[in-house]
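For reference, the structure is listed below as structure tokens.
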There are 2 protein chains.
Amino acid sequence: MRTLQLELGERSYPIHIGPGLLARPDLITPHVAGRRAAIVTNTTVGPLYLETLRAALAGHDPLVITLPDGEEFKTLETLNRVFDALLTARCDRRTTIVALGGGVVGDMAGFAAACYQRGVPFIQVPTTLLAQVDSSVGGKTGVNHPLGKNMIGAFYQPRAVIIDTDTLASLPDRELSAGLAEVIKYGLIRDPEFFDWLEANIDRLLDRDPEVLSCAIECSCRNKAEVVAADEREGGVRAILNLGHTFGHAIETGMGYGAWLHGEAVAAGMVMAADLSQRLGWLSGGDVARVERLIARARLPVAAPARLTPERMRELMNVDKKVLDARLRFVLLKRIGEAVITADVPPGQLGRTLAERRAA
Amino acid sequence: MRTLQLELGERSYPIHIGPGLLARPDLITPHVAGRRAAIVTNTTVGPLYLETLRAALAGHDPLVITLPDGEEFKTLETLNRVFDALLTARCDRRTTIVALGGGVVGDMAGFAAACYQRGVPFIQVPTTLLAQVDSSVGGKTGVNHPLGKNMIGAFYQPRAVIIDTDTLASLPDRELSAGLAEVIKYGLIRDPEFFDWLEANIDRLLDRDPEVLSCAIECSCRNKAEVVAADEREGGVRAILNLGHTFGHAIETGMGYGAWLHGEAVAAGMVMAADLSQRLGWLSGGDVARVERLIARARLPVAAPARLTPERMRELMNVDKKVLDARLRFVLLKRIGEAVITADVPPGQLGRTLAERRAA
């Protein structure tokens, strides 16, 4: 097992990474406040891992709340089902919520923890690669709204993140690839050596080599933890974690939540961001090709769907949270391993990226 | 105008109190971040004060969101209407939300600000006495759930609280009295001189003498600000602000939201808390009589409604947020002007209070 620490003063917390961690009460119980734990999971993950986690929490009389699986259920309505269950079971403000599942479960359970009785402790136990390397770390929680993704939420940090790498064995190939999109992102925005390492190891990652996967997760979490420690509430540098997300959220919203996986949309968005970076004179054509090639090798899309015209993409991007005072901001690349945030993108250049990085 | 400061480090904020403040752009605009303000109000307050506030915010292109009036609308569904309006108008994360109204508007607008795009700035402009002396100060925001009051919410501080005492002229008598319940509370929990002053001035308060009302508001806000500065997230001493609220919330929930005003329920709850304090040997019979008399003079109820049996009250109290690990905690009085928090209440004594402080 490897342990990283996300440094946030009195709200600092450990990130444990390794095989077999779900079964270890010694890792989870020190973070359970009060007498009771409430596990939030979904219909896909529950049957696989709930019993192991429930046994580890046996001393805390765990309540289990099972949600439907899928991004289309990441809504205020589903969140209210969590509140219904907590209140019906008379959970008090020392109940500890444990999120067992992927990004959707973690985002919703975390937001429920942030809001239930104005805040109860929570623990992230992510079971997808995407959740392990990205969404479970850093305290972003929330739900979608029909008019925009992640529009309703809170910054609310967990007490611990417990990453059992064994859970990746059951992950569908498509979700493994989606998680790799966020892994590749860390290389692109701030870790050029990691990007090189990913080019050398992408096939072993797709083959689910446990040692190589653990390395990628650790390196991703370390990058994420450093960025979040520097800027918890995204007043500045944390925004670089949104590389590919302005385009990606537009794709997700435009296609309807759940049609594209988040990681797939971000993958296409990162290629679009690289393309736009080249148009602004930052990346070379060779660098853009490297980005596109690695993403394609990870079995991820490298362009926006044909259905979304440049006009529609623009419209969707304008409700993005990264709009400030009506100016759209982009995370782009100065080079591979260095991100930059800019609101100075000529509309013509953006239009060319939207047109040329759209599937035929 | 008088100005107090709630001291919370970098989240400190001013509380301005005085006549005519709604019309003063110099007080409100320094706290508006970004280009746009969104005023949240309701169908009762809007027609009275919206135009004045809108003029003060004219430089910030104010969006207006009007909610139905009443505690029964303090729900996730109504909150979602605020999100719909903000998103439809493409409000970004620098939009500043301004709450114009009573406690319900302030709690919902504040919670909307806490959650919209994971947090936007907000300003409280309370127009009822209860909101001016209590709910607008201290950062408690949230909505009700059918199974319990204020069960869903956040601690989220405003950038400023602007109390225009002229707005009290239009307040119905019943709501003026409800606000006085919270005013009396500060005397009871930590300010015996203020309690004496209230006994001497209660009739002038009911007559809406502007100078006396301003004094009462300032003293209430100062007490509240001191308690919140000492314990923002209610880990300890802040809980004394809940005097009368364990009983009061049970009454509100049991009667259906909106049947009793919050202040009315708290008033009856404070008499019940005083009664229970006497049973535990703390307050004298004479002190309990003083509490009951002042509350009655303020035209407030001094007992639980006949409809709520002791059994039903117990049931309702058990879902209260003040339950910790299944033990019910009470805020009681050591003497007039000194509160104590205790989980050691013999069930028999509680039962006698519930039976004897119930309307015939």
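Ligands are numbered from 1 in the order shown, chains are lettered A, B, ... in the order of the structure tokens, and residues start at 1 in each chain.
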
Show me which bits of chain B are within 6 Å of chain A, counting only C-alpha atoms, as a list of chain:residue names.
->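 Output check: B:Arg90, B:Asp92, B:Cys115, B:Tyr116, B:Gln117, B:Arg118, B:Met151, B:Ile152, B:Gly153, B:Ala154, B:Val319, B:Leu324.
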
Write a file of the just-selected residues containing N, CA and C atoms, as an mmCIF file, in the first residue's frame.
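Writing done, so here's result_26.cif:
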data_model
loop_
_atom_site.group_PDB
_atom_site.id
_atom_site.type_symbol
_atom_site.label_atom_id
_atom_site.label_comp_id
_atom_site.auth_asym_id
_atom_site.auth_seq_id
_atom_site.Cartn_x
_atom_site.Cartn_y
_atom_site.Cartn_z
ATOM 1 N N ARG B 90 -28.096 32.523 -17.706
ATOM 2 C CA ARG B 90 -26.645 32.344 -17.886
ATOM 3 C C ARG B 90 -25.820 33.066 -16.836
ATOM 4 N N ASP B 92 -23.116 33.465 -14.171
ATOM 5 C CA ASP B 92 -21.869 32.722 -14.011
ATOM 6 C C ASP B 92 -21.453 32.707 -12.543
ATOM 7 N N CYS B 115 -24.580 26.632 -3.272
ATOM 8 C CA CYS B 115 -24.541 25.487 -4.197
ATOM 9 C C CYS B 115 -24.369 25.875 -5.657
ATOM 10 N N TYR B 116 -24.784 27.080 -6.035
ATOM 11 C CA TYR B 116 -24.757 27.410 -7.463
ATOM 12 C C TYR B 116 -23.311 27.467 -7.944
ATOM 13 N N GLN B 117 -22.991 26.597 -8.866
ATOM 14 C CA GLN B 117 -21.627 26.502 -9.378
ATOM 15 C C GLN B 117 -20.612 26.361 -8.236
ATOM 16 N N ARG B 118 -21.021 25.638 -7.219
ATOM 17 C CA ARG B 118 -20.225 25.364 -6.002
ATOM 18 C C ARG B 118 -19.907 26.625 -5.201
ATOM 19 N N MET B 151 -33.158 20.388 7.394
ATOM 20 C CA MET B 151 -32.317 19.193 7.376
ATOM 21 C C MET B 151 -31.289 19.217 6.250
ATOM 22 N N ILE B 152 -31.542 20.034 5.223
ATOM 23 C CA ILE B 152 -30.662 20.100 4.053
ATOM 24 C C ILE B 152 -30.136 21.524 3.971
ATOM 25 N N GLY B 153 -28.819 21.713 4.033
ATOM 26 C CA GLY B 153 -28.327 23.079 3.996
ATOM 27 C C GLY B 153 -26.821 23.167 4.051
ATOM 28 N N ALA B 154 -26.345 24.382 4.303
ATOM 29 C CA ALA B 154 -24.903 24.625 4.335
ATOM 30 C C ALA B 154 -24.611 25.765 5.300
ATOM 31 N N VAL B 319 -36.030 13.279 15.524
ATOM 32 C CA VAL B 319 -35.349 13.488 14.241
ATOM 33 C C VAL B 319 -34.660 14.851 14.196
ATOM 34 N N LEU B 324 -27.551 13.649 18.852
ATOM 35 C CA LEU B 324 -26.203 13.179 18.516
ATOM 36 C C LEU B 324 -26.066 11.755 18.989
#

For stretch 94-205 of chain A against stretch 290-311 of chain A, with a cut-off of 7 Å and counting only C-alpha atoms, what is the closest atom pair and its distance in Å to one decimal for every residue that makes the cut, ordered by chain and number, as a tab-separated table?
residue	atom	partner	partner_atom	distance
A:Ser177	CA	A:Ala298	CA	5.8
A:Leu180	CA	A:Ala298	CA	6.9
A:Glu199	CA	A:Leu294	CA	6.4
A:Ile202	CA	A:Ala298	CA	6.7

How about saving the chosen residues, N, CA, C and O atoms kept, as an mmCIF file, in the first residue's frame?
data_model
loop_
_atom_site.group_PDB
_atom_site.id
_atom_site.type_symbol
_atom_site.label_atom_id
_atom_site.label_comp_id
_atom_site.auth_asym_id
_atom_site.auth_seq_id
_atom_site.Cartn_x
_atom_site.Cartn_y
_atom_site.Cartn_z
ATOM 1 N N SER A 177 -10.749 2.902 -20.184
ATOM 2 C CA SER A 177 -10.251 3.923 -21.114
ATOM 3 C C SER A 177 -10.668 5.322 -20.676
ATOM 4 O O SER A 177 -9.868 6.260 -20.709
ATOM 5 N N LEU A 180 -8.436 6.560 -18.163
ATOM 6 C CA LEU A 180 -7.108 6.910 -18.686
ATOM 7 C C LEU A 180 -7.080 8.324 -19.269
ATOM 8 O O LEU A 180 -6.025 8.960 -19.297
ATOM 9 N N GLU A 199 3.257 7.151 -22.627
ATOM 10 C CA GLU A 199 3.476 6.703 -24.014
ATOM 11 C C GLU A 199 4.151 5.325 -24.017
ATOM 12 O O GLU A 199 3.841 4.474 -24.854
ATOM 13 N N ILE A 202 1.256 2.609 -22.121
ATOM 14 C CA ILE A 202 -0.193 2.624 -22.357
ATOM 15 C C ILE A 202 -0.747 1.216 -22.610
ATOM 16 O O ILE A 202 -1.834 0.863 -22.125
#

So which residues of stretch 59-239 of chain B fall under helix (DSSP H, G or I) by DSSP, listed as an MDAnalysis selection string?
-> chainID B and resid 59:60 71:73 76:88 103:115 129:135 165:170 173:190 192:206 210:230 237:239

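For the pair atom CA of B:Ala216 and atom CA of B:Val98, the interatomic distance is 24.3 Å.
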
Neighbours of B:Pro347 within 12 Å (only C-alpha atoms; same-chain residues fewer than 3 positions away dropped), as a PyMOL selection string?
-> chain B and resi 276+279-280+310-311+314+327-328+343-344+350-354
